[in-house]
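Trainee: One structure, as structure tokens, below. Some questions next.
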Amino acid sequence: MPLSRREIRTRATKFAKQWVAAHNEEAEAKPFWVEFFNIFGIRSTTVGSYEMHVKKLDAALGKIDYFWPGHLLVEHKSKGKDLKKAAIQAADYLHGVKEHEKPRYIVVSDFARFVVYNLAEGTETELLLEELPNRIEVFDFIAGYEARPVREQDPVNIKAAELMGRLHDELKASSGLDGHQLEVYLVRLLFILFADDTGIFERDAFYNFIVDQTRDDGTDVGPQLARLFQLLNTAEDKRPKNLDERLADFKYINGKLFEEQLPLAEWDGGMRVTLMECASLDWATISPAIFGALFQSAMDPKMRRNLGAHYTSEQNILKLIKPLFLDELWDEFEKVKGDKNKLNKFHDKLANLRFLDPACGCGNFLVITYRELRTLEMRVIEALMKGQQVVDVDTLVLLNVDRFYGIEIEEFPAQIA
């Protein structure tokens, strides 16, 4: 999970003091950025690479100082150099970057200054090294704190649904998998994509696994994914001692999602590109309601009509659960938050509520309900602690996902749920 803001600010303060005298690009740039990423608990060599060669617009060969595919490009200069020229140079490198790897941000620096360009929003933010601890939120996109309001029409949600639907069709047509096996395979990939951006794995570990461990023609993607599935089903203490460090970033996943042995799937270069496009999305910003869109895109239209399957957007889910019970719970919290005894009883009440969706499909209602109630519970815990420092907030959490139940007759949506 992302480090706390308090810990990030503490590390940023230490970093700013450590590098105040740095000035030489050639000798000190790489150590500077290694330590910079460490502020956020990220190993820079895991998510990206230094000194990556690319062809510029004029066909000349250029060298990106640091590149995190799909996320960040860094251009670093010696102290006092023109950062406007550095930004132009960085933008020129984009011509040589594959479309699905183009970054969302460019950062230029000369040790003493940073300029952050948000390419998606067209914004530019400048700050000094000494300001870093108090303006660390400028780099929330690195820390994993970047927040975006979820809208059912959000283009990233639509893009994710389209890509997963395309991947399903390509796998069904060419992989040799079908029915139950294909459904399990696709749900595994969906889980891994979310895990890659939400703190379960080291960020972008899966994306880099596909880039580094598979060939462009895609012929070895099937065996490599089978190897990864087996690893995810193996506890850390039972894994080989000489396991590649990059594979160690993939944590053991308990439960049975990766337990079943599946046949090797056949892949090609086009399917590999689709998978990389899926992995290049920031799944931390994608609504859980994407599950319903995925289900719809994968179901046979005739079957969908016969079953009466219907995807309900997150917006419409909230329209239902807010007046049904959520608004009332928030009102009750506001009334009791000043009384510790009543607040503890309210917390117990939250923890003992049970929810059942008798036709749950992919579990959209249950997922959104759980998320909203956990948000309320965190407010309860904040009110109970009244600013006290807590070593591990998990010891205070009472709300359990096991109190959410669903019934579904079709295997694919049930697997997703």
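Identifiers in the structure tokens: chain A, B, ... in order shown; residue index from 1 per chain; ligand index from 1 in order shown.
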List the spatial neighbours of Phe111 (chain A) as a PyMOL selection string - criterion: any atom at most 9 Å away, only C-alpha atoms, same-chain residues fewer than 6 positions off excluded.
Mentor: chain A and resi 19-25+29+32+76-80+128-129
Trainee: Using the selection just defined, write its residues with C-alpha atoms as a JSON list (two decimals), in the first residue's frame.
Mentor:
```json
[["chain", "number", "residue", "atom", "x", "y", "z"],
["A", 19, "TRP", "CA", 20.83, 16.85, -1.98],
["A", 20, "VAL", "CA", 21.01, 20.60, -1.43],
["A", 21, "ALA", "CA", 24.63, 20.74, -2.63],
["A", 22, "ALA", "CA", 24.31, 18.43, -5.66],
["A", 23, "HIS", "CA", 25.07, 20.01, -9.02],
["A", 24, "ASN", "CA", 26.70, 17.54, -11.46],
["A", 25, "GLU", "CA", 24.31, 15.84, -13.89],
["A", 29, "ALA", "CA", 21.68, 12.39, -11.48],
["A", 32, "PHE", "CA", 19.45, 11.59, -7.00],
["A", 76, "HIS", "CA", 17.72, 15.85, -15.69],
["A", 77, "LYS", "CA", 20.26, 18.67, -16.08],
["A", 78, "SER", "CA", 23.12, 20.13, -14.07],
["A", 79, "LYS", "CA", 22.27, 22.89, -11.62],
["A", 80, "GLY", "CA", 21.38, 26.20, -13.28],
["A", 128, "LEU", "CA", 12.16, 24.23, -5.46],
["A", 129, "LEU", "CA", 13.98, 21.38, -3.76]]
```
Trainee: Please list as a JSON list (two decimals) with N, CA and C atoms, in the first residue's frame every residue within 9 Å of region 231-234 of chain A, counting only C-alpha atoms and excluding residues in the same chain fewer than 2 positions away.
Mentor:
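For reference, around.json as written:
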```json
[["chain", "number", "residue", "atom", "x", "y", "z"],
["A", 226, "ALA", "N", 1.57, -18.84, -17.47],
["A", 226, "ALA", "CA", 1.38, -20.07, -16.69],
["A", 226, "ALA", "C", 2.37, -20.12, -15.52],
["A", 227, "ARG", "N", 3.60, -19.69, -15.80],
["A", 227, "ARG", "CA", 4.63, -19.63, -14.75],
["A", 227, "ARG", "C", 4.23, -18.63, -13.67],
["A", 228, "LEU", "N", 3.69, -17.48, -14.09],
["A", 228, "LEU", "CA", 3.27, -16.46, -13.13],
["A", 228, "LEU", "C", 2.09, -16.95, -12.30],
["A", 229, "PHE", "N", 1.12, -17.58, -12.94],
["A", 229, "PHE", "CA", -0.04, -18.11, -12.20],
["A", 229, "PHE", "C", 0.41, -19.09, -11.12],
["A", 236, "GLU", "N", 5.33, -17.48, -0.15],
["A", 236, "GLU", "CA", 6.70, -16.98, -0.26],
["A", 236, "GLU", "C", 7.73, -17.95, 0.32],
["A", 237, "ASP", "N", 7.40, -18.62, 1.45],
["A", 237, "ASP", "CA", 8.38, -19.50, 2.08],
["A", 237, "ASP", "C", 8.56, -20.83, 1.34],
["A", 238, "LYS", "N", 7.76, -21.07, 0.31],
["A", 238, "LYS", "CA", 7.89, -22.30, -0.47],
["A", 238, "LYS", "C", 8.42, -22.04, -1.88],
["A", 239, "ARG", "N", 8.79, -20.80, -2.15],
["A", 239, "ARG", "CA", 9.30, -20.45, -3.47],
["A", 239, "ARG", "C", 10.80, -20.74, -3.56],
["A", 247, "LEU", "N", 10.44, -11.22, -10.03],
["A", 247, "LEU", "CA", 9.30, -12.08, -9.74],
["A", 247, "LEU", "C", 8.93, -12.03, -8.26],
["A", 250, "PHE", "N", 5.78, -10.20, -7.00],
["A", 250, "PHE", "CA", 4.44, -10.78, -7.10],
["A", 250, "PHE", "C", 4.13, -11.56, -5.82],
["A", 251, "LYS", "N", 3.26, -11.00, -5.01],
["A", 251, "LYS", "CA", 2.94, -11.59, -3.72],
["A", 251, "LYS", "C", 2.05, -12.82, -3.88],
["A", 252, "TYR", "N", 2.13, -13.70, -2.90],
["A", 252, "TYR", "CA", 1.27, -14.88, -2.85],
["A", 252, "TYR", "C", -0.19, -14.44, -2.70],
["A", 253, "ILE", "N", -1.06, -15.03, -3.51],
["A", 253, "ILE", "CA", -2.49, -14.73, -3.45],
["A", 253, "ILE", "C", -3.22, -15.94, -2.88],
["A", 254, "ASN", "N", -3.74, -15.79, -1.66],
["A", 254, "ASN", "CA", -4.43, -16.94, -1.06],
["A", 254, "ASN", "C", -5.81, -17.10, -1.69],
["A", 255, "GLY", "N", -6.57, -18.07, -1.23],
["A", 255, "GLY", "CA", -7.81, -18.38, -1.90],
["A", 255, "GLY", "C", -7.53, -19.35, -3.04],
["A", 256, "LYS", "N", -8.43, -19.45, -3.99],
["A", 256, "LYS", "CA", -8.29, -20.49, -5.01],
["A", 256, "LYS", "C", -8.25, -19.95, -6.44],
["A", 257, "LEU", "N", -8.07, -18.63, -6.58],
["A", 257, "LEU", "CA", -8.12, -18.05, -7.93],
["A", 257, "LEU", "C", -7.05, -18.63, -8.85],
["A", 258, "PHE", "N", -5.86, -18.91, -8.30],
["A", 258, "PHE", "CA", -4.75, -19.38, -9.13],
["A", 258, "PHE", "C", -4.44, -20.87, -8.89],
["A", 259, "GLU", "N", -5.36, -21.57, -8.24],
["A", 259, "GLU", "CA", -5.10, -22.95, -7.87],
["A", 259, "GLU", "C", -5.29, -23.93, -9.03]]
```
Trainee: Using only C-alpha atoms, which protein or nucleic acid residues come within 8 Å of region 318-330 of chain A? Drop anything in the same chain fewer than 3 positions from it, and give the result as number ranges by chain.
Mentor: A: 314-315, 333-334, 368-369, 373, 376
Trainee: Hey, what's within 12 Å of region 344-358 of chain A if we count only C-alpha atoms and toss same-chain stuff fewer than 6 positions away? As a PyMOL selection string, please?
Mentor: chain A and resi 321+325-326+328-338+364-370+372-385+396-409+414+417
Trainee: With DSSP run on the backbone, what are the strand (DSSP E or B) residues within region 106-193 of chain A? I'd like them as a ChimeraX atom specification.
Mentor: /A:106-109,113-118,123-128
Trainee: Write to file, as an mmCIF file, in the first residue's frame, the residues of the selection just made, with C-alpha atoms.
Mentor:
```cif
data_model
loop_
_atom_site.group_PDB
_atom_site.id
_atom_site.type_symbol
_atom_site.label_atom_id
_atom_site.label_comp_id
_atom_site.auth_asym_id
_atom_site.auth_seq_id
_atom_site.Cartn_x
_atom_site.Cartn_y
_atom_site.Cartn_z
ATOM 1 C CA ILE A 106 7.179 14.740 -17.772
ATOM 2 C CA VAL A 107 9.437 15.960 -14.960
ATOM 3 C CA VAL A 108 12.540 18.070 -15.585
ATOM 4 C CA SER A 109 14.988 18.982 -12.841
ATOM 5 C CA ARG A 113 14.234 22.858 -9.131
ATOM 6 C CA PHE A 114 11.506 20.567 -10.432
ATOM 7 C CA VAL A 115 9.003 21.295 -13.204
ATOM 8 C CA VAL A 116 6.133 18.812 -13.538
ATOM 9 C CA TYR A 117 4.137 18.663 -16.780
ATOM 10 C CA ASN A 118 0.776 16.890 -16.643
ATOM 11 C CA THR A 123 -0.707 21.871 -16.684
ATOM 12 C CA GLU A 124 2.777 22.912 -15.522
ATOM 13 C CA THR A 125 3.904 23.059 -11.880
ATOM 14 C CA GLU A 126 7.280 24.315 -10.629
ATOM 15 C CA LEU A 127 8.782 23.931 -7.167
ATOM 16 C CA LEU A 128 12.162 24.235 -5.461
#
```
Trainee: Based on the backbone DSSP call, show me all residues of region 207-382 of chain A assigned alpha helix (DSSP H), as a count of residues only.
Mentor: 97
Trainee: Hey, which of A:Lys340, A:Arg6, A:Lys98, A:Arg104 ends up closest to Phe141 (chain A)? Count only C-alpha atoms.
Mentor: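 Closest candidate: A:Arg104.
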Trainee: Just the number, please: distance in Å from CA of Asn208 (chain A) to CA of Gly41 (chain A), one decimal.
Mentor: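 Computed distance, CA of Asn208 (chain A) to CA of Gly41 (chain A), equals 17.8 Å.
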Trainee: Within 8 Å of region 42-50 of chain A, which residues of region 130-249 of chain A show up? Give each one with its shortest atom-to-atom distance in Å (one decimal) and the two atoms involved, counting only C-alpha atoms, rows by chain then rising residue number, as JSON lines.
Mentor:
```
{"residue": "A:Glu202", "atom": "CA", "partner": "A:Thr46", "partner_atom": "CA", "distance": 7.8}
{"residue": "A:Arg203", "atom": "CA", "partner": "A:Val47", "partner_atom": "CA", "distance": 6.6}
{"residue": "A:Asp204", "atom": "CA", "partner": "A:Val47", "partner_atom": "CA", "distance": 5.7}
{"residue": "A:Ala205", "atom": "CA", "partner": "A:Val47", "partner_atom": "CA", "distance": 6.7}
{"residue": "A:Asn208", "atom": "CA", "partner": "A:Val47", "partner_atom": "CA", "distance": 6.9}
{"residue": "A:Arg246", "atom": "CA", "partner": "A:Thr46", "partner_atom": "CA", "distance": 7.1}
```
